[in-house]
file target_24.pdb (PDB, C-alpha atoms)
ATOM      1  CA  MET A   1     -40.680 -85.412 134.753
ATOM      2  CA  GLY A   2     -43.912 -87.410 134.392
ATOM      3  CA  PRO A   3     -44.237 -90.936 133.048
ATOM      4  CA  GLU A   4     -44.220 -91.188 129.259
ATOM      5  CA  ARG A   5     -47.374 -92.400 127.593
ATOM      6  CA  VAL A   6     -46.731 -95.775 125.953
ATOM      7  CA  LEU A   7     -48.185 -95.913 122.487
ATOM      8  CA  SER A   8     -49.297 -99.082 120.720
ATOM      9  CA  PRO A   9     -47.695 -99.908 117.351
ATOM     10  CA  GLU A  10     -50.929 -98.811 115.637
ATOM     11  CA  ALA A  11     -50.899 -95.510 117.496
ATOM     12  CA  LEU A  12     -47.238 -94.969 116.610
ATOM     13  CA  GLU A  13     -47.938 -95.736 112.977
ATOM     14  CA  GLU A  14     -50.867 -93.338 112.990
ATOM     15  CA  ARG A  15     -48.744 -90.637 114.574
ATOM     16  CA  GLU A  16     -46.164 -91.045 111.815
ATOM     17  CA  LEU A  17     -48.896 -90.781 109.215
ATOM     18  CA  VAL A  18     -50.211 -87.615 110.839
ATOM     19  CA  LEU A  19     -46.736 -86.037 110.963
ATOM     20  CA  ALA A  20     -46.061 -86.953 107.332
ATOM     21  CA  ALA A  21     -49.469 -85.611 106.265
ATOM     22  CA  GLN A  22     -48.771 -82.385 108.132
ATOM     23  CA  ALA A  23     -45.519 -82.123 106.177
ATOM     24  CA  GLY A  24     -47.560 -82.287 102.951
ATOM     25  CA  ASP A  25     -47.418 -86.023 102.135
ATOM     26  CA  SER A  26     -50.765 -86.806 100.480
ATOM     27  CA  THR A  27     -50.063 -90.559 100.499
ATOM     28  CA  ALA A  28     -49.863 -90.399 104.277
ATOM     29  CA  PHE A  29     -53.182 -88.591 104.393
ATOM     30  CA  ALA A  30     -54.657 -91.302 102.156
ATOM     31  CA  GLY A  31     -53.458 -93.772 104.787
ATOM     32  CA  LEU A  32     -55.370 -91.851 107.449
ATOM     33  CA  VAL A  33     -58.464 -91.824 105.227
ATOM     34  CA  ARG A  34     -58.217 -95.614 104.755
ATOM     35  CA  ARG A  35     -57.830 -96.114 108.478
ATOM     36  CA  HIS A  36     -60.699 -93.897 109.624
ATOM     37  CA  GLN A  37     -63.301 -93.734 106.863
ATOM     38  CA  ARG A  38     -65.485 -96.608 108.129
ATOM     39  CA  ARG A  39     -65.737 -95.162 111.596
ATOM     40  CA  ALA A  40     -66.312 -91.687 110.171
ATOM     41  CA  TYR A  41     -69.118 -93.106 108.035
ATOM     42  CA  ALA A  42     -70.744 -94.722 111.097
ATOM     43  CA  VAL A  43     -70.696 -91.396 112.957
ATOM     44  CA  ALA A  44     -72.128 -89.506 109.991
ATOM     45  CA  ARG A  45     -74.755 -92.161 109.275
ATOM     46  CA  ALA A  46     -76.055 -91.906 112.836
ATOM     47  CA  ILE A  47     -76.699 -88.217 112.339
ATOM     48  CA  VAL A  48     -78.072 -87.910 108.787
ATOM     49  CA  LEU A  49     -81.022 -89.741 107.275
ATOM     50  CA  SER A  50     -79.532 -91.341 104.191
ATOM     51  CA  HIS A  51     -76.463 -93.170 102.976
ATOM     52  CA  ASP A  52     -75.738 -90.481 100.373
ATOM     53  CA  ASP A  53     -75.763 -87.717 102.963
ATOM     54  CA  ALA A  54     -73.486 -89.788 105.202
ATOM     55  CA  GLU A  55     -71.042 -90.213 102.322
ATOM     56  CA  ASP A  56     -71.110 -86.449 101.652
ATOM     57  CA  ALA A  57     -70.497 -85.753 105.320
ATOM     58  CA  VAL A  58     -67.499 -88.100 105.364
ATOM     59  CA  GLN A  59     -65.981 -86.425 102.305
ATOM     60  CA  GLU A  60     -66.627 -82.942 103.699
ATOM     61  CA  GLY A  61     -65.205 -83.996 107.032
ATOM     62  CA  PHE A  62     -61.948 -85.279 105.576
ATOM     63  CA  LEU A  63     -61.631 -82.139 103.470
ATOM     64  CA  HIS A  64     -62.056 -79.908 106.534
ATOM     65  CA  ALA A  65     -59.621 -82.102 108.475
ATOM     66  CA  PHE A  66     -57.010 -81.766 105.729
ATOM     67  CA  ARG A  67     -57.349 -77.995 105.736
ATOM     68  CA  ALA A  68     -57.104 -77.849 109.527
ATOM     69  CA  LEU A  69     -54.341 -80.441 109.773
ATOM     70  CA  GLU A  70     -51.609 -77.967 110.671
ATOM     71  CA  ARG A  71     -53.605 -76.954 113.755
ATOM     72  CA  PHE A  72     -53.859 -80.577 114.954
ATOM     73  CA  ARG A  73     -51.457 -81.517 117.751
ATOM     74  CA  PRO A  74     -50.021 -85.028 117.189
ATOM     75  CA  GLU A  75     -50.285 -85.927 120.876
ATOM     76  CA  GLN A  76     -54.092 -85.790 120.526
ATOM     77  CA  ALA A  77     -56.150 -88.772 119.334
ATOM     78  CA  PHE A  78     -56.568 -88.218 115.608
ATOM     79  CA  GLY A  79     -59.736 -90.352 115.451
ATOM     80  CA  ALA A  80     -61.575 -88.336 118.109
ATOM     81  CA  TRP A  81     -60.554 -85.071 116.431
ATOM     82  CA  LEU A  82     -61.618 -86.305 113.003
ATOM     83  CA  HIS A  83     -64.942 -87.754 114.184
ATOM     84  CA  ARG A  84     -65.857 -84.449 115.756
ATOM     85  CA  ILE A  85     -65.216 -82.724 112.427
ATOM     86  CA  VAL A  86     -67.244 -85.353 110.531
ATOM     87  CA  ALA A  87     -70.070 -85.069 113.083
ATOM     88  CA  ASN A  88     -70.140 -81.290 112.532
ATOM     89  CA  ALA A  89     -70.250 -81.794 108.766
ATOM     90  CA  ALA A  90     -73.113 -84.277 109.199
ATOM     91  CA  LEU A  91     -75.018 -81.900 111.492
ATOM     92  CA  ASP A  92     -74.638 -79.170 108.849
ATOM     93  CA  ILE A  93     -75.977 -81.447 106.130
ATOM     94  CA  ALA A  94     -78.877 -82.576 108.340
ATOM     95  CA  ARG A  95     -79.744 -78.933 109.045
ATOM     96  CA  ARG A  96     -79.679 -78.013 105.349
ATOM     97  CA  ARG A  97     -81.714 -81.113 104.453
ATOM     98  CA  LYS A  98     -84.295 -80.270 107.106
ATOM     99  CA  VAL A  99     -84.834 -76.818 105.615
ATOM    100  CA  ARG A 100     -85.002 -78.203 102.059
ATOM    101  CA  ASP A 101     -87.383 -81.052 102.881
ATOM    102  CA  ALA A 102     -89.613 -79.053 105.229
ATOM    103  CA  ASP A 103     -92.604 -79.271 102.877
ATOM    104  CA  GLU A 104     -92.078 -82.832 101.701
ATOM    105  CA  LEU A 105     -93.744 -85.840 103.325
ATOM    106  CA  PRO A 106     -91.261 -88.543 104.350
ATOM    107  CA  GLU A 107     -91.328 -91.474 101.953
ATOM    108  CA  THR A 108     -91.884 -93.982 104.728
ATOM    109  CA  LEU A 109     -95.057 -92.227 105.817
ATOM    110  CA  SER A 110     -96.460 -91.771 102.348
ATOM    111  CA  SER A 111     -95.912 -95.404 101.337
ATOM    112  CA  PRO A 112     -96.410 -97.784 104.276
ATOM    113  CA  HIS A 113     -94.662-101.112 104.048
ATOM    114  CA  LYS A 114     -97.010-104.097 103.603
ATOM    115  CA  ASP A 115     -94.690-107.062 103.776
ATOM    116  CA  PRO A 116     -96.318-109.757 105.950
ATOM    117  CA  ALA A 117     -93.003-111.117 107.245
ATOM    118  CA  GLU A 118     -92.373-110.002 110.816
ATOM    119  CA  SER A 119     -88.747-109.007 110.318
ATOM    120  CA  ASP A 120     -89.717-106.803 107.403
ATOM    121  CA  GLU A 121     -92.642-105.445 109.368
ATOM    122  CA  LEU A 122     -90.297-104.720 112.264
ATOM    123  CA  ARG A 123     -87.928-102.945 109.916
ATOM    124  CA  ALA A 124     -90.753-100.892 108.457
ATOM    125  CA  ARG A 125     -92.054-100.001 111.913
ATOM    126  CA  LEU A 126     -88.551 -99.122 113.027
ATOM    127  CA  THR A 127     -88.088 -96.835 110.020
ATOM    128  CA  ARG A 128     -91.369 -95.096 110.794
ATOM    129  CA  ALA A 129     -90.497 -94.849 114.476
ATOM    130  CA  LEU A 130     -87.099 -93.350 113.620
ATOM    131  CA  ASP A 131     -88.825 -90.827 111.373
ATOM    132  CA  THR A 132     -90.951 -89.634 114.284
ATOM    133  CA  LEU A 133     -87.960 -89.465 116.616
ATOM    134  CA  GLY A 134     -86.112 -86.164 116.961
ATOM    135  CA  GLU A 135     -82.881 -86.131 114.953
ATOM    136  CA  ARG A 136     -80.718 -85.633 118.023
ATOM    137  CA  GLN A 137     -82.386 -88.511 119.901
ATOM    138  CA  ARG A 138     -82.005 -90.721 116.838
ATOM    139  CA  ALA A 139     -78.312 -89.882 116.594
ATOM    140  CA  VAL A 140     -77.808 -90.532 120.313
ATOM    141  CA  ILE A 141     -79.434 -93.971 120.315
ATOM    142  CA  VAL A 142     -77.549 -95.087 117.201
ATOM    143  CA  LEU A 143     -74.212 -93.785 118.483
ATOM    144  CA  HIS A 144     -74.771 -95.403 121.878
ATOM    145  CA  ASP A 145     -76.568 -98.680 121.214
ATOM    146  CA  VAL A 146     -75.196 -99.460 117.746
ATOM    147  CA  GLU A 147     -71.789 -97.765 117.638
ATOM    148  CA  GLY A 148     -70.896 -98.191 121.308
ATOM    149  CA  TYR A 149     -70.063 -94.593 122.216
ATOM    150  CA  LYS A 150     -70.414 -93.462 125.831
ATOM    151  CA  HIS A 151     -72.633 -90.574 126.879
ATOM    152  CA  ALA A 152     -69.737 -88.180 127.378
ATOM    153  CA  GLU A 153     -68.266 -89.070 123.976
ATOM    154  CA  ILE A 154     -71.631 -88.524 122.307
ATOM    155  CA  GLY A 155     -71.830 -85.176 124.059
ATOM    156  CA  VAL A 156     -68.496 -84.187 122.526
ATOM    157  CA  LEU A 157     -69.485 -85.421 119.058
ATOM    158  CA  LEU A 158     -72.862 -83.694 118.983
ATOM    159  CA  GLY A 159     -71.891 -80.638 120.990
ATOM    160  CA  ILE A 160     -74.392 -81.308 123.798
ATOM    161  CA  PRO A 161     -73.962 -81.854 127.558
ATOM    162  CA  GLU A 162     -73.461 -85.417 128.743
ATOM    163  CA  GLY A 163     -76.707 -85.241 130.753
ATOM    164  CA  THR A 164     -78.634 -84.309 127.609
ATOM    165  CA  ALA A 165     -77.173 -87.289 125.784
ATOM    166  CA  ARG A 166     -78.212 -89.513 128.680
ATOM    167  CA  SER A 167     -81.818 -88.258 128.768
ATOM    168  CA  ASP A 168     -82.055 -88.330 124.938
ATOM    169  CA  LEU A 169     -81.048 -91.975 125.016
ATOM    170  CA  HIS A 170     -83.663 -92.759 127.661
ATOM    171  CA  HIS A 171     -86.452 -91.047 125.683
ATOM    172  CA  ALA A 172     -85.372 -92.569 122.372
ATOM    173  CA  ARG A 173     -85.372 -96.080 123.797
ATOM    174  CA  ALA A 174     -88.789 -95.587 125.394
ATOM    175  CA  HIS A 175     -90.193 -94.209 122.142
ATOM    176  CA  LEU A 176     -88.893 -97.088 120.029
ATOM    177  CA  ARG A 177     -90.028 -99.658 122.598
ATOM    178  CA  ARG A 178     -93.541 -98.165 122.546
ATOM    179  CA  GLN A 179     -93.678 -98.080 118.767
ATOM    180  CA  LEU A 180     -92.524-101.651 118.395
ATOM    181  CA  SER A 181     -94.368-103.246 121.317
ATOM    182  CA  ASN A 182     -97.666-103.293 119.396
ATOM    183  CA  LEU A 183     -96.089-105.426 116.735
ATOM    184  CA  ARG A 184     -94.844-107.933 119.282
ATOM    185  CA  SER A 185     -98.223-108.185 121.031
ATOM    186  CA  GLU A 186     -99.949-108.649 117.649
ATOM    187  CA  SER A 187     -97.615-111.466 116.569
TER
ATOM    188  CA  MET B   1     -61.321 -86.559 125.065
ATOM    189  CA  ILE B   2     -59.993 -89.798 123.678
ATOM    190  CA  ILE B   3     -62.411 -92.240 122.139
ATOM    191  CA  THR B   4     -61.030 -95.755 122.134
ATOM    192  CA  ARG B   5     -62.567 -98.603 120.199
ATOM    193  CA  ASN B   6     -61.695-102.135 119.189
ATOM    194  CA  GLY B   7     -60.728-103.284 115.678
ATOM    195  CA  ASP B   8     -63.664-101.944 113.706
ATOM    196  CA  GLY B   9     -64.127 -99.130 116.188
ATOM    197  CA  ARG B  10     -67.117-100.624 118.019
ATOM    198  CA  SER B  11     -67.271-101.218 121.721
ATOM    199  CA  SER B  12     -67.630-104.911 122.459
ATOM    200  CA  GLU B  13     -69.859-104.290 125.467
ATOM    201  CA  ARG B  14     -73.614-104.572 125.132
ATOM    202  CA  SER B  15     -75.361-101.361 126.201
ATOM    203  CA  PRO B  16     -77.254-101.976 129.442
ATOM    204  CA  GLY B  17     -80.938-101.175 129.096
ATOM    205  CA  ALA B  18     -80.977-101.592 125.330
ATOM    206  CA  ASP B  19     -83.563-103.883 123.737
ATOM    207  CA  PRO B  20     -81.526-106.498 121.813
ATOM    208  CA  GLN B  21     -84.172-106.807 119.111
ATOM    209  CA  VAL B  22     -84.347-103.055 118.574
ATOM    210  CA  THR B  23     -80.568-102.798 118.623
ATOM    211  CA  ALA B  24     -80.324-105.572 116.024
ATOM    212  CA  ALA B  25     -82.858-103.805 113.822
ATOM    213  CA  LEU B  26     -81.030-100.504 114.245
ATOM    214  CA  SER B  27     -77.714-102.164 113.372
ATOM    215  CA  ALA B  28     -79.237-103.581 110.190
ATOM    216  CA  HIS B  29     -80.816-100.236 109.346
ATOM    217  CA  TYR B  30     -77.591 -98.269 109.847
ATOM    218  CA  ALA B  31     -75.173-100.889 108.553
ATOM    219  CA  ALA B  32     -72.224 -99.470 106.656
ATOM    220  CA  PRO B  33     -71.657-100.779 103.126
ATOM    221  CA  ALA B  34     -69.770-104.056 103.157
ATOM    222  CA  GLY B  35     -66.989-104.844 100.719
ATOM    223  CA  ASP B  36     -63.589-103.290 100.203
ATOM    224  CA  LYS B  37     -64.509-102.087  96.723
ATOM    225  CA  TYR B  38     -66.874 -99.488  98.160
ATOM    226  CA  TRP B  39     -64.308 -98.206 100.657
ATOM    227  CA  ASP B  40     -61.552 -98.078  98.023
ATOM    228  CA  GLY B  41     -63.892 -95.987  95.884
ATOM    229  CA  LEU B  42     -64.748 -93.664  98.751
ATOM    230  CA  GLU B  43     -61.055 -93.199  99.550
ATOM    231  CA  GLN B  44     -60.392 -92.303  95.915
ATOM    232  CA  SER B  45     -63.284 -89.819  95.884
ATOM    233  CA  ILE B  46     -61.980 -88.159  99.030
ATOM    234  CA  MET B  47     -58.436 -87.894  97.653
ATOM    235  CA  GLN B  48     -59.735 -86.546  94.338
ATOM    236  CA  ARG B  49     -61.772 -83.857  96.107
ATOM    237  CA  LEU B  50     -58.714 -83.039  98.126
ATOM    238  CA  ALA B  51     -56.551 -82.722  95.007
ATOM    239  CA  VAL B  52     -59.093 -80.393  93.401
ATOM    240  CA  ALA B  53     -59.312 -78.308  96.560
ATOM    241  CA  THR B  54     -55.524 -78.117  96.822
ATOM    242  CA  SER B  55     -55.068 -77.091  93.193
ATOM    243  CA  GLY B  56     -57.717 -74.419  93.802
ATOM    244  CA  VAL B  57     -55.566 -72.974  96.549
ATOM    245  CA  VAL B  58     -52.551 -72.856  94.219
ATOM    246  CA  ARG B  59     -54.643 -71.072  91.597
ATOM    247  CA  GLU B  60     -55.740 -68.517  94.152
ATOM    248  CA  LEU B  61     -52.164 -67.865  95.181
ATOM    249  CA  ARG B  62     -50.820 -67.499  91.638
ATOM    250  CA  PRO B  63     -53.590 -65.997  89.486
ATOM    251  CA  SER B  64     -53.100 -66.057  85.744
ATOM    252  CA  TRP B  65     -53.604 -62.864  83.737
ATOM    253  CA  TRP B  66     -56.916 -64.082  82.321
ATOM    254  CA  SER B  67     -58.319 -64.944  85.716
ATOM    255  CA  GLY B  68     -59.226 -61.261  86.066
ATOM    256  CA  PHE B  69     -61.900 -61.719  83.399
ATOM    257  CA  ALA B  70     -63.618 -64.350  85.493
ATOM    258  CA  GLU B  71     -64.137 -61.778  88.210
ATOM    259  CA  LEU B  72     -65.790 -59.276  85.876
ATOM    260  CA  ARG B  73     -69.565 -59.095  86.160
ATOM    261  CA  GLY B  74     -72.342 -56.953  84.595
ATOM    262  CA  ARG B  75     -71.323 -53.324  84.765
ATOM    263  CA  ASP B  76     -67.622 -54.220  84.759
ATOM    264  CA  TRP B  77     -68.012 -55.977  81.427
ATOM    265  CA  ARG B  78     -69.799 -52.938  79.935
ATOM    266  CA  ALA B  79     -67.000 -50.604  81.073
ATOM    267  CA  VAL B  80     -64.325 -52.879  79.573
ATOM    268  CA  ALA B  81     -66.293 -53.147  76.308
ATOM    269  CA  SER B  82     -66.678 -49.371  75.987
ATOM    270  CA  VAL B  83     -62.957 -48.782  76.632
ATOM    271  CA  ALA B  84     -62.045 -51.461  74.059
ATOM    272  CA  ALA B  85     -64.449 -49.906  71.484
ATOM    273  CA  THR B  86     -62.939 -46.435  72.031
ATOM    274  CA  ILE B  87     -59.396 -47.744  71.566
ATOM    275  CA  ALA B  88     -60.428 -49.609  68.404
ATOM    276  CA  LEU B  89     -62.054 -46.423  67.044
ATOM    277  CA  VAL B  90     -58.931 -44.320  67.683
ATOM    278  CA  VAL B  91     -56.676 -46.928  66.038
ATOM    279  CA  ALA B  92     -58.976 -47.190  63.005
ATOM    280  CA  GLY B  93     -59.118 -43.376  62.685
ATOM    281  CA  ALA B  94     -55.337 -43.078  62.844
ATOM    282  CA  ALA B  95     -54.933 -45.783  60.199
ATOM    283  CA  PHE B  96     -57.452 -44.007  57.917
ATOM    284  CA  VAL B  97     -55.702 -40.631  58.232
ATOM    285  CA  ARG B  98     -52.311 -42.209  57.594
ATOM    286  CA  GLY B  99     -53.690 -43.998  54.530
ATOM    287  CA  GLN B 100     -55.183 -40.800  53.157
ATOM    288  CA  ALA B 101     -51.895 -38.913  53.600
ATOM    289  CA  ALA B 102     -49.922 -41.684  51.894
ATOM    290  CA  SER B 103     -52.383 -41.787  49.017
ATOM    291  CA  ALA B 104     -52.228 -38.008  48.520
ATOM    292  CA  LYS B 105     -48.450 -38.080  48.521
ATOM    293  CA  ALA B 106     -48.419 -40.925  45.985
ATOM    294  CA  ARG B 107     -50.819 -39.032  43.724
ATOM    295  CA  GLU B 108     -48.671 -35.921  43.926
ATOM    296  CA  LEU B 109     -45.518 -37.849  43.057
ATOM    297  CA  ALA B 110     -47.239 -39.569  40.136
ATOM    298  CA  ALA B 111     -48.525 -36.293  38.776
ATOM    299  CA  ARG B 112     -45.146 -34.675  39.119
ATOM    300  CA  ALA B 113     -43.481 -37.582  37.312
ATOM    301  CA  ALA B 114     -46.066 -37.474  34.540
ATOM    302  CA  VAL B 115     -45.607 -33.761  34.024
ATOM    303  CA  GLU B 116     -41.860 -34.027  33.978
ATOM    304  CA  THR B 117     -41.794 -36.843  31.396
ATOM    305  CA  ALA B 118     -44.484 -35.345  29.071
ATOM    306  CA  MET B 119     -43.151 -31.781  28.987
ATOM    307  CA  PRO B 120     -39.366 -31.635  29.080
ATOM    308  CA  LEU B 121     -38.260 -28.040  29.601
ATOM    309  CA  PRO B 122     -36.650 -26.419  26.521
ATOM    310  CA  ILE B 123     -33.096 -25.298  27.003
ATOM    311  CA  ASP B 124     -33.342 -22.529  24.405
ATOM    312  CA  GLY B 125     -35.178 -21.490  21.197
ATOM    313  CA  THR B 126     -32.824 -23.319  18.805
ATOM    314  CA  THR B 127     -33.466 -26.582  20.377
ATOM    315  CA  LEU B 128     -37.209 -26.017  20.097
ATOM    316  CA  THR B 129     -37.268 -25.225  16.417
ATOM    317  CA  GLY B 130     -34.461 -27.702  15.670
ATOM    318  CA  GLY B 131     -36.512 -30.530  16.980
ATOM    319  CA  ARG B 132     -39.478 -29.640  14.710
ATOM    320  CA  ARG B 133     -37.811 -29.465  11.359
ATOM    321  CA  HIS B 134     -40.268 -31.847   9.731
ATOM    322  CA  LEU B 135     -43.217 -29.700  10.813
ATOM    323  CA  PRO B 136     -44.513 -26.531   9.220
ATOM    324  CA  ALA B 137     -43.544 -23.285  10.845
ATOM    325  CA  ASP B 138     -47.011 -22.605  12.266
ATOM    326  CA  ALA B 139     -47.487 -26.119  13.536
ATOM    327  CA  PRO B 140     -47.753 -25.314  17.228
ATOM    328  CA  GLU B 141     -50.502 -22.804  16.640
ATOM    329  CA  ARG B 142     -52.476 -25.257  14.504
ATOM    330  CA  TYR B 143     -52.128 -27.957  16.990
ATOM    331  CA  LEU B 144     -53.429 -25.614  19.613
ATOM    332  CA  ASN B 145     -56.293 -24.507  17.407
ATOM    333  CA  PRO B 146     -57.009 -27.388  14.989
ATOM    334  CA  LEU B 147     -60.212 -25.828  13.510
ATOM    335  CA  ASP B 148     -58.250 -22.990  11.940
ATOM    336  CA  PRO B 149     -57.647 -23.447   8.254
TER
END
call {"tool": "encode", "arguments": {"input": "target_24.pdb", "output": "C-alpha cells"}}
result
Amino acid sequence: MGPERVLSPEALEERELVLAAQAGDSTAFAGLVRRHQRRAYAVARAIVLSHDDAEDAVQEGFLHAFRALERFRPEQAFGAWLHRIVANAALDIARRRKVRDADELPETLSSPHKDPAESDELRARLTRALDTLGERQRAVIVLHDVEGYKHAEIGVLLGIPEGTARSDLHHARAHLRRQLSNLRSES
Amino acid sequence: MIITRNGDGRSSERSPGADPQVTAALSAHYAAPAGDKYWDGLEQSIMQRLAVATSGVVRELRPSWWSGFAELRGRDWRAVASVAATIALVVAGAAFVRGQAASAKARELAARAAVETAMPLPIDGTTLTGGRRHLPADAPERYLNPLDP
C-alpha cells in the first residue's frame, strides 16, 4: 500500500465540489466556475486575439467541461483538465477567426498609432509585433512569460511537443526584442 | 500533468531570459478585466448557457407532440399539406351528402303531411255527400271546371 497523497484544504474543497457537480449539483459547478474562470480566461486570452473571443472560449470551455464531467476522475487536477478544454475551445475559435478574417487587414496595421509618449508607442509597437508573430508563438510567449506556465505544461495545453514550445518561445522573444529595439535606440 | 499555481494562478518566478520591459508590456496588453462585477457577470452567463444547454437535453429526451413539426422541411410540408387537404375534402363531401339526404327526407315528410291534412280519405259515399249539404249537387264538377256554365 503506497503513501496517501495529502491534499490541501483548497484541494479537498475542490474535490467535494467536483463530486457534487458530478452528482448533478449545479451550485457546486458554479463554485468551480467561480474558482477557475480567471485562470481559464488567461489561458484563452493568450491564444485568441481579442477579449470577446477569450470570453467566448471560456464559456464554451465550461460548457464542454460540464458535458464531459462524468468522464473526469476526481483524483486528477480539475484545473489542468479544465484549462486543456478551454485551450482547445480557444484554438477552435482562433482557427475559425483566421478563416473569417483572411481577407481583412488587421486594424493595427491599417491605422498606425501616433501617440508621442514612449509607453504608448511601445504598446503600439508591441501590438504590431504581436500581429506579425505566429499565433502559436504568441500563445507560447504569453503563457510562459506572462502566465508562468512551464514548457511541458504549454505543450499539454496547446497540443504540441515540449521542444516545440521551447523553440517557439525562443523565436517569439527574439522577434519581439528585434521589433522593439529600434524604439529604444531612437529614444 | 498537474499544473500548480499560486493564489491567482501565476507562477511567482520571473522567467529567465525574458525582457522585463516586454513582459510588462505583454502583461498590460493581456491583462484580464479587473473588478468582481465582471467576473460575477461572466459566471452568470456561463451558468445561464449551461441551464439552456441542459434544458435542451431534456427536450431532446422527451419530445412533445408538436416538436415533430419543427423537423418537417420543404417536401415534407407539401406531403402533409396534401394529406390534410384530401382529408378535409372527404369530410366536406360526406357532410354535403348527409345534408342532402336529410333535406330530401324532410321534404318528403313535409309533403306527406301536407297531403294527409289537405285530403282526408273518405270513409264512404254518405259521408262525402253528407258533408256537402250546403252545396249544389254538381258542385264538385263545377269546382273542377269553373268555366262551365
call {"tool": "closest_residue", "arguments": {"input": "target_24.pdb", "among": "A:Leu69, A:Ala42, A:Ala139, A:Ala94", "to": "chain B", "atoms": "only C-alpha atoms"}}
result
A:Ala42
call {"tool": "atom_distance", "arguments": {"input": "target_24.pdb", "atom1": "CA of Ala25 (chain B)", "atom2": "CA of His175 (chain A)"}}
result
14.7 Å
call {"tool": "resolve_selection", "arguments": {"input": "target_24.pdb", "expression": "the PyMOL selection byres ((chain A and resi 135) around 10)", "output": "list in words"}}
result
Ala46, Ile47, Val48, Leu49, Leu91, Ala94, Arg95, Lys98, Leu130, Asp131, Thr132, Leu133, Gly134, Arg136, Gln137, Arg138, Ala139 and Val140 of chain A
call {"tool": "closest_residue", "arguments": {"input": "target_24.pdb", "among": "B:Asp40, B:Glu108, B:Glu116, B:Asp76", "to": "Ala30 (chain A)", "atoms": "all atoms listed in the file"}}
result
B:Asp40
call {"tool": "residues_near_point", "arguments": {"input": "target_24.pdb", "point": "(-76.6, -96.7, 104.5)", "cutoff": "8 Å", "atoms": "all atoms listed in the file", "output": "NGL selection string"}}
result
(:A and (45 or 50-52 or 54)) or (:B and (29-33))
call {"tool": "atom_distance", "arguments": {"input": "target_24.pdb", "atom1": "CA of Phe72 (chain A)", "atom2": "CA of Ala23 (chain A)"}}
result
12.2 Å
call {"tool": "atom_distance", "arguments": {"input": "target_24.pdb", "atom1": "CA of Met47 (chain B)", "atom2": "CA of Arg67 (chain A)"}}
result
12.8 Å
call {"tool": "interface_residues", "arguments": {"input": "target_24.pdb", "of": "chain A", "to": "chain B", "cutoff": "9 Å", "atoms": "all atoms listed in the file", "output": "ChimeraX atom specification"}}
result
/A:26,29-30,33-34,37-39,41-42,45-46,51,55,58-60,62-63,66,76-81,119,122-123,126-127,142,144-150,152-153,156,170,173,176-177,180
call {"tool": "resolve_selection", "arguments": {"input": "target_24.pdb", "expression": "the PyMOL selection byres ((chain A and resi 86) around 7)", "output": "ChimeraX atom specification"}}
result
/A:40,44,57-58,61,82-85,87-90
call {"tool": "write_last_selection", "arguments": {"input": "target_24.pdb", "atoms": "C-alpha atoms", "output": "mmCIF file, in the coordinates of the input"}}
result
data_model
loop_
_atom_site.group_PDB
_atom_site.id
_atom_site.type_symbol
_atom_site.label_atom_id
_atom_site.label_comp_id
_atom_site.auth_asym_id
_atom_site.auth_seq_id
_atom_site.Cartn_x
_atom_site.Cartn_y
_atom_site.Cartn_z
ATOM 1 C CA ALA A 40 -66.312 -91.687 110.171
ATOM 2 C CA ALA A 44 -72.128 -89.506 109.991
ATOM 3 C CA ALA A 57 -70.497 -85.753 105.320
ATOM 4 C CA VAL A 58 -67.499 -88.100 105.364
ATOM 5 C CA GLY A 61 -65.205 -83.996 107.032
ATOM 6 C CA LEU A 82 -61.618 -86.305 113.003
ATOM 7 C CA HIS A 83 -64.942 -87.754 114.184
ATOM 8 C CA ARG A 84 -65.857 -84.449 115.756
ATOM 9 C CA ILE A 85 -65.216 -82.724 112.427
ATOM 10 C CA ALA A 87 -70.070 -85.069 113.083
ATOM 11 C CA ASN A 88 -70.140 -81.290 112.532
ATOM 12 C CA ALA A 89 -70.250 -81.794 108.766
ATOM 13 C CA ALA A 90 -73.113 -84.277 109.199
#
call {"tool": "closest_residue", "arguments": {"input": "target_24.pdb", "among": "A:Leu17, A:Gln22, A:Gly31, A:Gln179", "to": "Ala124 (chain A)", "atoms": "all atoms listed in the file"}}
result
A:Gln179
